[in-house]
Amino acid sequence: MKKIFLITALIATSFIISCSNDIENINQNPNSPETVLPNFIFNSATKEMIDTRRDTFGAGRLTLPWMQYWGQNAYADDDRFDYREAVGEDHYEFTYKIGTDLKAIIDLNTNEDTRELAAGVGNNENQIAAARIMLAYNFHQATDFFGDIPYYSFGSDDPDFQALNVDEVFSPVFAPAQKIYADILKELRESADMINTAEPVFTTGDQIFNGDATKWKKFANSLILRVANRLRNVDPATANAAIEAALTSGVMTSNEDNAAQGYDTADATASPLWVDFIPRNDFGVAAPFVKLLKGETGNFGPDARLFEMAATANASISDIKDGIAERSEDFDDYVGIPYAFQLANFLPFTSFSWPSSNILKPDYREMLMEYAEVQFIISEHNGFAQENYENGVRASMERWGVAADAVNAFVAALPAATQETVLNQKYVASYMQPHNAWAEYRRTGFPNTLVKVGEIVTLPQSQVDALGENGEPTYEFIPRIDVNDLPTRLRYPQILQTLNGENRSTAVSKLGDGDTIESKLFWDVN
């Protein structure tokens with residue numbers, strides 16, 4: 001696991017500040033640039049953010065199994081909610097490491113000494129806007145993980161927003177999550193409004209939209225929909241007003257507008273899941289998700305997205321990685337790995353489906369937000385409107401490469417739009433975006449197709465046979481942590497008790513059940 005301790009950075013910063021000008025001059029390298037261009041910083045920051053949030057620790061042993069998209073075939077303890085301290089620690093620490101880099105882009109574009117240099121790689125205002133949008137994305141996920149956290153806002157003098165100001169504040173206060181939400185909506189609204197769509201954001205280095213300012217503007221407005229919709233059950237007036245303003249300004253209108261972090265075919269710059277799957281093969285597609293797509297649970301028919309999201313059970317992992325695994329359109333060829341099954345390590349690899357070659361490839365694009373989600377949010381905003389619901393399903397199926405005739409048939413057979421049908425389909429469309437799916441489950445209680453705590457699960461006969469003498473036809477889903485449902489937050493990293501103990505304690509005192517995975521965030525009133 002990656003380990004970057006904030007206290008090290010603080011000590012290093014303190015040392016640098018205390019150096020005399022003479023020492024600074026001695027340490028200058030005349031052959032190295034003194035200022036790193038903002039496009040290089042942006043490229044590095046977005047990649048590191050998604051690498052950390054979407055690798056097999058940040059997602060694979062956290063929300064991918066919790067939302068029962070994937071399951072582990074060797075170590076099922078994380079699937080049963082006993083997640084590793086280092087995972088939460090990384091999510092917390094990298095929030096501020098990445099935030100520091102994104103703030104540096106703003107500083108380079110607002111400082112008179114560097115503003116002209118930054119303008120050489122893109123429009124100054126657009127660069128500031130893109131950095132603010134990604135800061136909003138970064139802090140939104142972090143506050144949805146933990147609740148109250150130290151927070152930074154561009155240009156704000158709010159005394160509760162003390163993060164990323166290490167020159168003056170070594171122990172930042174934890175801003176209330178409600179206030180963070182309000183400020184994120186403000187940041188995204190102002191960022192969308194300041195973008196000049198006639199100028200590029202970056203000439204190079206933007207692996208999300210390749211510098212396209214129009215798409216950045218749509219992304220900012222679409223993120224407003226996501227953030228505002230989370231407030232629907234606690235502050236509907238604010239949610240509705242923010243959504244209406246975003247729709248007026250312009251949100252994603254097709255899959256061409258999808259926001260996704262790009263990666264290369266070389267292993268050194270490949271997608272985080274590909275890099276992690278090179279030495280290990282720890283994950284199969286979870287049985288509850290496979291059953292939903294096969295039409296065995298829920299109230300939808302068989303869904304051809306299964307053929308694109310998972311491999312057949314008899315496909316070898318080496319063929320999948322090589323992109324030569326034979327694709328099948330026979331639903332019987334797909335079998336999910338039993339979720340949180342304590343004997344999963346006894347199952348042969350040919351008894352369950354791996355993720356497909358569409359995912360296990362070096363240049364897989366990690367989705368930040370897509371058009372389908374926008375349509376599902378609009379459907380909910382309009383009282384679960386049928387048209388937007390159908391648009392969302394169609395967009396998701398097309399994004400995954402389902403043939404047009406299969407898309408048309410599935411959409412034509414959809415049950416009517418209701419809270420259940422819309423949100424269950426939103427869950428399917430959120431495959432490989434598990435952090436957001438987890439937040440939506442906490443907000444709404446959907447999907448309602450997940451295996452519940454204490455539920456008795458029946459294995460398919462093929463897996464009972466494959467287990468041999470270890471095989472039993474059923475097992476009970478028993479978490480390793482005493483909870484009645486999914487976790488509702490992550491615990492604060494233990495290291496904070498040393499680094500920022502007093503402010504952490506204040507934040508913990510506001511949590512209903514203390515620093516546990518059962519304390520609910522302010523918007524979680526389901």
# chains A, B, ... in the order shown; residues from 1 in each chain; ligands from 1
$ closest_atom_pairs --of "range 275-381 of chain A" --to "range 218-241 of chain A" --cutoff "9 Å" --atoms "only C-alpha atoms" --output "tab-separated table"
residue	atom	partner	partner_atom	distance
A:Met369	CA	A:Leu223	CA	7.8
A:Glu370	CA	A:Ser222	CA	8.7
A:Tyr371	CA	A:Ser222	CA	8.5
A:Glu373	CA	A:Arg226	CA	8.3
A:Val374	CA	A:Ser222	CA	6.4
A:Ile377	CA	A:Leu225	CA	6.9
A:Ile378	CA	A:Leu225	CA	8.2
A:Glu380	CA	A:Asn229	CA	8.7
A:His381	CA	A:Asn240	CA	7.5
$ write_last_selection --atoms "C-alpha atoms" --output "PDB file, in the first residue's frame"
ATOM      1  CA  MET A 369     -19.440  10.673 -14.296  1.00  0.00           C
ATOM      2  CA  GLU A 370     -21.526   9.727 -17.306  1.00  0.00           C
ATOM      3  CA  TYR A 371     -24.561  10.853 -19.232  1.00  0.00           C
ATOM      4  CA  GLU A 373     -26.384   9.184 -14.394  1.00  0.00           C
ATOM      5  CA  VAL A 374     -27.447  12.656 -15.494  1.00  0.00           C
ATOM      6  CA  ILE A 377     -31.031  12.246 -11.735  1.00  0.00           C
ATOM      7  CA  ILE A 378     -33.292  14.269 -14.033  1.00  0.00           C
ATOM      8  CA  GLU A 380     -35.849  11.556 -10.125  1.00  0.00           C
ATOM      9  CA  HIS A 381     -35.953  15.357 -10.160  1.00  0.00           C
TER      10      HIS A 381
END
$ residues_around --residues "range 313-329 of chain A" --least-positions-apart "5" --cutoff "12 Å" --atoms "only C-alpha atoms" --output "JSON, numbers by chain"
{"A": [273, 274, 275, 276, 277, 278, 279, 280, 281, 282, 283, 284, 285, 286, 287, 290, 294, 302, 303, 304, 305, 306, 307, 308, 334, 335, 336, 337, 347, 348, 349, 350, 351, 352, 353, 354, 355, 356, 357, 358, 359, 360, 361, 362, 363, 364, 402, 403, 406, 462, 463]}
$ write_last_selection --atoms "C-alpha atoms" --output "mmCIF file, in the first residue's frame"
data_model
loop_
_atom_site.group_PDB
_atom_site.id
_atom_site.type_symbol
_atom_site.label_atom_id
_atom_site.label_comp_id
_atom_site.auth_asym_id
_atom_site.auth_seq_id
_atom_site.Cartn_x
_atom_site.Cartn_y
_atom_site.Cartn_z
ATOM 1 C CA LEU A 273 -6.988 -2.141 -12.024
ATOM 2 C CA TRP A 274 -4.809 -3.414 -14.863
ATOM 3 C CA VAL A 275 -1.647 -2.714 -12.882
ATOM 4 C CA ASP A 276 -3.059 -4.543 -9.864
ATOM 5 C CA PHE A 277 -4.236 -7.506 -11.926
ATOM 6 C CA ILE A 278 -0.752 -8.076 -13.391
ATOM 7 C CA PRO A 279 0.546 -10.002 -10.351
ATOM 8 C CA ARG A 280 -2.788 -11.086 -8.784
ATOM 9 C CA ASN A 281 -6.284 -12.202 -9.742
ATOM 10 C CA ASP A 282 -8.343 -11.680 -6.611
ATOM 11 C CA PHE A 283 -11.764 -10.628 -7.905
ATOM 12 C CA GLY A 284 -14.730 -12.106 -9.690
ATOM 13 C CA VAL A 285 -18.005 -10.457 -10.643
ATOM 14 C CA ALA A 286 -20.340 -10.926 -7.664
ATOM 15 C CA ALA A 287 -23.292 -13.292 -7.885
ATOM 16 C CA VAL A 290 -24.809 -11.310 -12.215
ATOM 17 C CA LYS A 294 -29.564 -12.387 -15.890
ATOM 18 C CA PRO A 302 -32.058 -10.505 -19.092
ATOM 19 C CA ASP A 303 -29.672 -7.599 -19.716
ATOM 20 C CA ALA A 304 -27.087 -7.836 -22.494
ATOM 21 C CA ARG A 305 -24.719 -5.541 -20.575
ATOM 22 C CA LEU A 306 -23.679 -8.718 -18.736
ATOM 23 C CA PHE A 307 -21.823 -9.869 -21.870
ATOM 24 C CA GLU A 308 -19.746 -6.660 -21.823
ATOM 25 C CA TYR A 334 -22.067 -16.448 -16.732
ATOM 26 C CA VAL A 335 -21.855 -17.346 -13.042
ATOM 27 C CA GLY A 336 -21.118 -14.866 -10.264
ATOM 28 C CA ILE A 337 -18.746 -15.521 -7.403
ATOM 29 C CA LEU A 347 -13.661 -22.474 -5.716
ATOM 30 C CA PRO A 348 -11.756 -23.225 -8.935
ATOM 31 C CA PHE A 349 -11.265 -20.234 -11.202
ATOM 32 C CA THR A 350 -13.473 -21.850 -13.856
ATOM 33 C CA SER A 351 -16.518 -21.805 -11.565
ATOM 34 C CA PHE A 352 -17.197 -18.042 -11.684
ATOM 35 C CA SER A 353 -16.947 -15.080 -14.033
ATOM 36 C CA TRP A 354 -14.054 -12.639 -14.031
ATOM 37 C CA PRO A 355 -14.459 -8.999 -15.097
ATOM 38 C CA SER A 356 -14.401 -8.741 -18.882
ATOM 39 C CA SER A 357 -11.639 -7.624 -21.229
ATOM 40 C CA ASN A 358 -13.505 -4.315 -21.555
ATOM 41 C CA ILE A 359 -12.336 -3.581 -17.998
ATOM 42 C CA LEU A 360 -9.147 -5.613 -17.591
ATOM 43 C CA LYS A 361 -7.111 -3.749 -20.162
ATOM 44 C CA PRO A 362 -4.326 -1.212 -19.683
ATOM 45 C CA ASP A 363 -6.098 1.697 -21.366
ATOM 46 C CA TYR A 364 -9.425 1.230 -19.581
ATOM 47 C CA VAL A 402 -24.529 -3.378 -26.523
ATOM 48 C CA ALA A 403 -25.932 -3.922 -30.026
ATOM 49 C CA ALA A 406 -30.697 -5.575 -27.973
ATOM 50 C CA SER A 462 -22.044 -26.227 -10.307
ATOM 51 C CA GLN A 463 -20.248 -24.472 -7.460
#
$ closest_atom_pairs --of "range 46-108 of chain A" --to "range 465-480 of chain A" --cutoff "8 Å" --atoms "only C-alpha atoms" --output "JSON lines"
{"residue": "A:Asp77", "atom": "CA", "partner": "A:Arg480", "partner_atom": "CA", "distance": 6.8}
{"residue": "A:Arg80", "atom": "CA", "partner": "A:Pro479", "partner_atom": "CA", "distance": 4.4}
{"residue": "A:Phe81", "atom": "CA", "partner": "A:Pro479", "partner_atom": "CA", "distance": 6.3}
{"residue": "A:Asp82", "atom": "CA", "partner": "A:Arg480", "partner_atom": "CA", "distance": 5.9}
$ write_last_selection --atoms "N, CA and C atoms" --output "PDB file, in the first residue's frame"
ATOM      1  N   ASP A  77     -12.711 -11.088   3.969  1.00  0.00           N
ATOM      2  CA  ASP A  77     -12.944 -10.291   5.171  1.00  0.00           C
ATOM      3  C   ASP A  77     -13.350  -8.865   4.817  1.00  0.00           C
ATOM      4  N   ARG A  80     -16.859  -8.513   3.897  1.00  0.00           N
ATOM      5  CA  ARG A  80     -17.754  -8.575   5.058  1.00  0.00           C
ATOM      6  C   ARG A  80     -17.512  -7.387   5.986  1.00  0.00           C
ATOM      7  N   PHE A  81     -17.068  -6.271   5.385  1.00  0.00           N
ATOM      8  CA  PHE A  81     -17.020  -4.943   6.003  1.00  0.00           C
ATOM      9  C   PHE A  81     -15.843  -4.716   6.947  1.00  0.00           C
ATOM     10  N   ASP A  82     -14.960  -5.688   7.094  1.00  0.00           N
ATOM     11  CA  ASP A  82     -13.776  -5.510   7.941  1.00  0.00           C
ATOM     12  C   ASP A  82     -12.648  -4.953   7.080  1.00  0.00           C
TER      13      ASP A  82
END
$ residues_around --residues "Gln494 in chain A" --least-positions-apart "4" --cutoff "8 Å" --atoms "only C-alpha atoms" --output "list in words"
Glu85, Glu89 and Thr498 of chain A
$ closest_residue --among "A:Gly445, A:Gly88, A:Pro487, A:Gly211" --to "Trp66 in chain A" --atoms "only C-alpha atoms"
A:Pro487
$ atom_distance --atom1 "CA of Asp55 in chain A" --atom2 "CA of Gly401 in chain A"
23.6 Å
$ residues_around --residues "Ala395 in chain A" --least-positions-apart "5" --cutoff "8 Å" --atoms "only C-alpha atoms" --output "ChimeraX atom specification"
/A:254-255,371-372
$ write_last_selection --atoms "C-alpha atoms" --output "mmCIF file, in the first residue's frame"
data_model
loop_
_atom_site.group_PDB
_atom_site.id
_atom_site.type_symbol
_atom_site.label_atom_id
_atom_site.label_comp_id
_atom_site.auth_asym_id
_atom_site.auth_seq_id
_atom_site.Cartn_x
_atom_site.Cartn_y
_atom_site.Cartn_z
ATOM 1 C CA SER A 254 -24.752 12.294 -24.703
ATOM 2 C CA ASN A 255 -22.063 9.723 -23.975
ATOM 3 C CA TYR A 371 -24.561 10.853 -19.232
ATOM 4 C CA ALA A 372 -26.664 7.934 -17.984
#
$ closest_residue --among "A:Ala129, A:Val169, A:Leu164, A:Asp515" --to "Leu188 in chain A" --atoms "only C-alpha atoms"
A:Ala129
$ residues_around --residues "range 108-116 of chain A" --least-positions-apart "2" --cutoff "8 Å" --atoms "only C-alpha atoms" --output "PyMOL selection string"
chain A and resi 38+104-106+118-120+124-125+127-128
$ select_by_dssp --residues "range 84-282 of chain A" --states "alpha helix (DSSP H)" --output "JSON list (two decimals) with C-alpha atoms, in the first residue's frame"
[["chain", "number", "residue", "atom", "x", "y", "z"],
["A", 85, "GLU", "CA", -7.06, 0.70, 8.13],
["A", 86, "ALA", "CA", -4.59, 1.54, 5.37],
["A", 87, "VAL", "CA", -7.41, 1.88, 2.82],
["A", 88, "GLY", "CA", -9.18, 4.59, 4.79],
["A", 89, "GLU", "CA", -5.85, 6.21, 5.58],
["A", 90, "ASP", "CA", -4.97, 6.43, 1.89],
["A", 91, "HIS", "CA", -8.33, 7.90, 0.96],
["A", 92, "TYR", "CA", -7.92, 10.56, 3.62],
["A", 93, "GLU", "CA", -4.27, 11.45, 3.04],
["A", 94, "PHE", "CA", -4.45, 11.53, -0.74],
["A", 95, "THR", "CA", -7.39, 13.92, -0.54],
["A", 96, "TYR", "CA", -4.95, 16.54, 0.72],
["A", 97, "LYS", "CA", -1.96, 15.50, -1.35],
["A", 98, "ILE", "CA", -4.01, 15.78, -4.54],
["A", 99, "GLY", "CA", -5.75, 18.89, -3.23],
["A", 100, "THR", "CA", -2.38, 20.56, -2.74],
["A", 101, "ASP", "CA", -1.47, 19.88, -6.37],
["A", 102, "LEU", "CA", -4.79, 21.23, -7.66],
["A", 103, "LYS", "CA", -4.45, 24.34, -5.49],
["A", 104, "ALA", "CA", -0.97, 24.86, -6.98],
["A", 105, "ILE", "CA", -2.60, 25.17, -10.42],
["A", 106, "ILE", "CA", -4.87, 27.91, -9.08],
["A", 107, "ASP", "CA", -1.90, 29.66, -7.49],
["A", 108, "LEU", "CA", 0.10, 29.55, -10.72],
["A", 109, "ASN", "CA", -2.78, 31.11, -12.62],
["A", 110, "THR", "CA", -3.54, 33.83, -10.08],
["A", 115, "ARG", "CA", 0.18, 33.85, -14.63],
["A", 116, "GLU", "CA", 1.70, 34.64, -18.03],
["A", 117, "LEU", "CA", 3.74, 31.42, -17.98],
["A", 118, "ALA", "CA", 0.61, 29.40, -17.18],
["A", 119, "ALA", "CA", -1.25, 31.09, -20.04],
["A", 124, "ASN", "CA", -5.91, 31.13, -17.20],
["A", 125, "GLU", "CA", -9.54, 31.30, -16.10],
["A", 126, "ASN", "CA", -10.30, 27.91, -17.59],
["A", 127, "GLN", "CA", -7.36, 26.32, -15.78],
["A", 128, "ILE", "CA", -8.58, 27.79, -12.50],
["A", 129, "ALA", "CA", -12.08, 26.49, -13.23],
["A", 130, "ALA", "CA", -10.87, 22.96, -14.04],
["A", 131, "ALA", "CA", -8.80, 22.86, -10.84],
["A", 132, "ARG", "CA", -11.80, 24.04, -8.80],
["A", 133, "ILE", "CA", -14.03, 21.41, -10.41],
["A", 134, "MET", "CA", -11.59, 18.63, -9.56],
["A", 135, "LEU", "CA", -11.14, 20.00, -6.05],
["A", 136, "ALA", "CA", -14.92, 19.84, -5.68],
["A", 137, "TYR", "CA", -14.93, 16.26, -6.98],
["A", 138, "ASN", "CA", -12.06, 15.37, -4.63],
["A", 139, "PHE", "CA", -13.58, 16.87, -1.48],
["A", 140, "HIS", "CA", -17.08, 15.66, -2.30],
["A", 141, "GLN", "CA", -15.92, 12.04, -2.31],
["A", 142, "ALA", "CA", -13.88, 12.60, 0.85],
["A", 143, "THR", "CA", -16.74, 14.11, 2.85],
["A", 144, "ASP", "CA", -19.01, 11.30, 1.63],
["A", 145, "PHE", "CA", -16.43, 8.84, 2.99],
["A", 146, "PHE", "CA", -15.89, 10.41, 6.42],
["A", 177, "ALA", "CA", -20.18, 18.38, 6.05],
["A", 178, "GLN", "CA", -23.32, 20.49, 5.50],
["A", 179, "LYS", "CA", -21.19, 23.57, 5.00],
["A", 180, "ILE", "CA", -18.84, 21.66, 2.68],
["A", 181, "TYR", "CA", -21.81, 20.62, 0.54],
["A", 182, "ALA", "CA", -23.05, 24.18, 0.28],
["A", 183, "ASP", "CA", -19.61, 25.43, -0.71],
["A", 184, "ILE", "CA", -19.07, 22.66, -3.28],
["A", 185, "LEU", "CA", -22.30, 23.70, -4.99],
["A", 186, "LYS", "CA", -21.04, 27.28, -4.99],
["A", 187, "GLU", "CA", -17.63, 26.26, -6.34],
["A", 188, "LEU", "CA", -19.13, 24.22, -9.16],
["A", 189, "ARG", "CA", -21.62, 26.95, -10.07],
["A", 190, "GLU", "CA", -18.89, 29.61, -10.19],
["A", 191, "SER", "CA", -16.51, 27.29, -12.07],
["A", 192, "ALA", "CA", -19.06, 26.51, -14.76],
["A", 193, "ASP", "CA", -19.87, 30.20, -15.13],
["A", 194, "MET", "CA", -16.24, 31.31, -15.44],
["A", 213, "ALA", "CA", -13.76, 23.72, -22.27],
["A", 214, "THR", "CA", -17.34, 23.01, -23.35],
["A", 215, "LYS", "CA", -17.17, 19.52, -21.87],
["A", 216, "TRP", "CA", -15.62, 20.83, -18.67],
["A", 217, "LYS", "CA", -18.54, 23.23, -18.33],
["A", 218, "LYS", "CA", -21.04, 20.40, -18.83],
["A", 219, "PHE", "CA", -19.14, 18.27, -16.31],
["A", 220, "ALA", "CA", -19.32, 21.01, -13.67],
["A", 221, "ASN", "CA", -23.07, 21.39, -14.16],
["A", 222, "SER", "CA", -23.58, 17.62, -14.14],
["A", 223, "LEU", "CA", -21.64, 17.31, -10.89],
["A", 224, "ILE", "CA", -23.99, 19.90, -9.43],
["A", 225, "LEU", "CA", -26.81, 17.48, -10.21],
["A", 226, "ARG", "CA", -25.03, 14.68, -8.32],
["A", 227, "VAL", "CA", -24.16, 16.80, -5.28],
["A", 228, "ALA", "CA", -27.52, 18.58, -5.11],
["A", 229, "ASN", "CA", -29.49, 15.36, -5.51],
["A", 230, "ARG", "CA", -27.75, 13.98, -2.43],
["A", 236, "PRO", "CA", -35.14, 19.87, -1.23],
["A", 237, "ALA", "CA", -35.34, 23.59, -1.89],
["A", 238, "THR", "CA", -31.56, 23.92, -2.24],
["A", 239, "ALA", "CA", -31.39, 20.70, -4.26],
["A", 240, "ASN", "CA", -34.08, 21.76, -6.71],
["A", 241, "ALA", "CA", -32.72, 25.28, -7.17],
["A", 242, "ALA", "CA", -29.18, 24.05, -7.83],
["A", 243, "ILE", "CA", -30.40, 21.39, -10.27],
["A", 244, "GLU", "CA", -32.57, 23.84, -12.20],
["A", 245, "ALA", "CA", -29.67, 26.30, -12.53],
["A", 246, "ALA", "CA", -27.37, 23.52, -13.72],
["A", 247, "LEU", "CA", -29.88, 22.32, -16.30],
["A", 248, "THR", "CA", -30.24, 25.88, -17.60],
["A", 249, "SER", "CA", -26.48, 26.29, -17.85],
["A", 272, "PRO", "CA", -4.96, 1.06, -11.75],
["A", 273, "LEU", "CA", -6.99, -2.14, -12.02],
["A", 274, "TRP", "CA", -4.81, -3.41, -14.86],
["A", 275, "VAL", "CA", -1.65, -2.71, -12.88],
["A", 276, "ASP", "CA", -3.06, -4.54, -9.86],
["A", 277, "PHE", "CA", -4.24, -7.51, -11.93]]
$ select_by_dssp --residues "range 89-309 of chain A" --states "strand (DSSP E)" --output "list in words"
Ala259, Ala260, Gln261, Phe283, Gly284 and Val285 of chain A
$ write_last_selection --atoms "N, CA and C atoms" --output "CSV table (one decimal), in the first residue's frame"
chain,number,residue,atom,x,y,z
A,259,ALA,N,-17.3,12.0,-18.5
A,259,ALA,CA,-16.0,12.4,-17.9
A,259,ALA,C,-15.3,11.1,-17.4
A,260,ALA,N,-14.1,10.9,-18.0
A,260,ALA,CA,-13.4,9.6,-17.7
A,260,ALA,C,-11.9,9.9,-17.7
A,261,GLN,N,-11.1,9.4,-16.8
A,261,GLN,CA,-9.7,9.5,-16.8
A,261,GLN,C,-9.1,8.5,-17.7
A,283,PHE,N,-10.4,-11.1,-7.9
A,283,PHE,CA,-11.8,-10.6,-7.9
A,283,PHE,C,-12.6,-11.3,-9.0
A,284,GLY,N,-13.8,-11.7,-8.7
A,284,GLY,CA,-14.7,-12.1,-9.7
A,284,GLY,C,-15.9,-11.2,-9.6
A,285,VAL,N,-16.8,-11.2,-10.6
A,285,VAL,CA,-18.0,-10.5,-10.6
A,285,VAL,C,-19.0,-11.1,-9.7
$ residues_around --residues "range 503-509 of chain A" --least-positions-apart "5" --cutoff "10 Å" --atoms "only C-alpha atoms" --output "PyMOL selection string"
chain A and resi 147-150+171-176+491-494+496-498+514-516+519
$ closest_residue --among "A:Gly454, A:Gly512, A:Gly122, A:Pro460" --to "Asp482 in chain A" --atoms "only C-alpha atoms"
A:Gly454
$ decode --residues "range 74-147 of chain A" --atoms "C-alpha atoms" --output "short mmCIF file (atom, residue, chain, number, x, y, z; two decimals), in the first residue's frame"
data_model
loop_
_atom_site.label_atom_id
_atom_site.label_comp_id
_atom_site.auth_asym_id
_atom_site.auth_seq_id
_atom_site.Cartn_x
_atom_site.Cartn_y
_atom_site.Cartn_z
CA ALA A 74 -9.24 -15.32 -1.62
CA TYR A 75 -9.76 -12.79 1.17
CA ALA A 76 -13.45 -12.20 1.89
CA ASP A 77 -12.94 -10.29 5.17
CA ASP A 78 -13.05 -6.91 3.41
CA ASP A 79 -16.24 -7.97 1.62
CA ARG A 80 -17.75 -8.58 5.06
CA PHE A 81 -17.02 -4.94 6.00
CA ASP A 82 -13.78 -5.51 7.94
CA TYR A 83 -11.86 -3.12 5.73
CA ARG A 84 -8.20 -2.35 6.20
CA GLU A 85 -7.06 0.70 8.13
CA ALA A 86 -4.59 1.54 5.37
CA VAL A 87 -7.41 1.88 2.82
CA GLY A 88 -9.18 4.59 4.79
CA GLU A 89 -5.85 6.21 5.58
CA ASP A 90 -4.97 6.43 1.89
CA HIS A 91 -8.33 7.90 0.96
CA TYR A 92 -7.92 10.56 3.62
CA GLU A 93 -4.27 11.45 3.04
CA PHE A 94 -4.45 11.53 -0.74
CA THR A 95 -7.39 13.92 -0.54
CA TYR A 96 -4.95 16.54 0.72
CA LYS A 97 -1.96 15.50 -1.35
CA ILE A 98 -4.01 15.78 -4.54
CA GLY A 99 -5.75 18.89 -3.23
CA THR A 100 -2.38 20.56 -2.74
CA ASP A 101 -1.47 19.88 -6.37
CA LEU A 102 -4.79 21.23 -7.66
CA LYS A 103 -4.45 24.34 -5.49
CA ALA A 104 -0.97 24.86 -6.98
CA ILE A 105 -2.60 25.17 -10.42
CA ILE A 106 -4.87 27.91 -9.08
CA ASP A 107 -1.90 29.66 -7.49
CA LEU A 108 0.10 29.55 -10.72
CA ASN A 109 -2.78 31.11 -12.62
CA THR A 110 -3.54 33.83 -10.08
CA ASN A 111 0.01 34.85 -9.17
CA GLU A 112 1.16 37.76 -11.31
CA ASP A 113 4.67 36.30 -11.47
CA THR A 114 3.52 33.02 -13.01
CA ARG A 115 0.18 33.85 -14.63
CA GLU A 116 1.70 34.64 -18.03
CA LEU A 117 3.74 31.42 -17.98
CA ALA A 118 0.61 29.40 -17.18
CA ALA A 119 -1.25 31.09 -20.04
CA GLY A 120 1.16 29.39 -22.42
CA VAL A 121 -0.54 26.04 -21.78
CA GLY A 122 -4.18 27.17 -21.71
CA ASN A 123 -6.60 29.90 -20.75
CA ASN A 124 -5.91 31.13 -17.20
CA GLU A 125 -9.54 31.30 -16.10
CA ASN A 126 -10.30 27.91 -17.59
CA GLN A 127 -7.36 26.32 -15.78
CA ILE A 128 -8.58 27.79 -12.50
CA ALA A 129 -12.08 26.49 -13.23
CA ALA A 130 -10.87 22.96 -14.04
CA ALA A 131 -8.80 22.86 -10.84
CA ARG A 132 -11.80 24.04 -8.80
CA ILE A 133 -14.03 21.41 -10.41
CA MET A 134 -11.59 18.63 -9.56
CA LEU A 135 -11.14 20.00 -6.05
CA ALA A 136 -14.92 19.84 -5.68
CA TYR A 137 -14.93 16.26 -6.98
CA ASN A 138 -12.06 15.37 -4.63
CA PHE A 139 -13.58 16.87 -1.48
CA HIS A 140 -17.08 15.66 -2.30
CA GLN A 141 -15.92 12.04 -2.31
CA ALA A 142 -13.88 12.60 0.85
CA THR A 143 -16.74 14.11 2.85
CA ASP A 144 -19.01 11.30 1.63
CA PHE A 145 -16.43 8.84 2.99
CA PHE A 146 -15.89 10.41 6.42
CA GLY A 147 -18.33 13.25 7.14
#
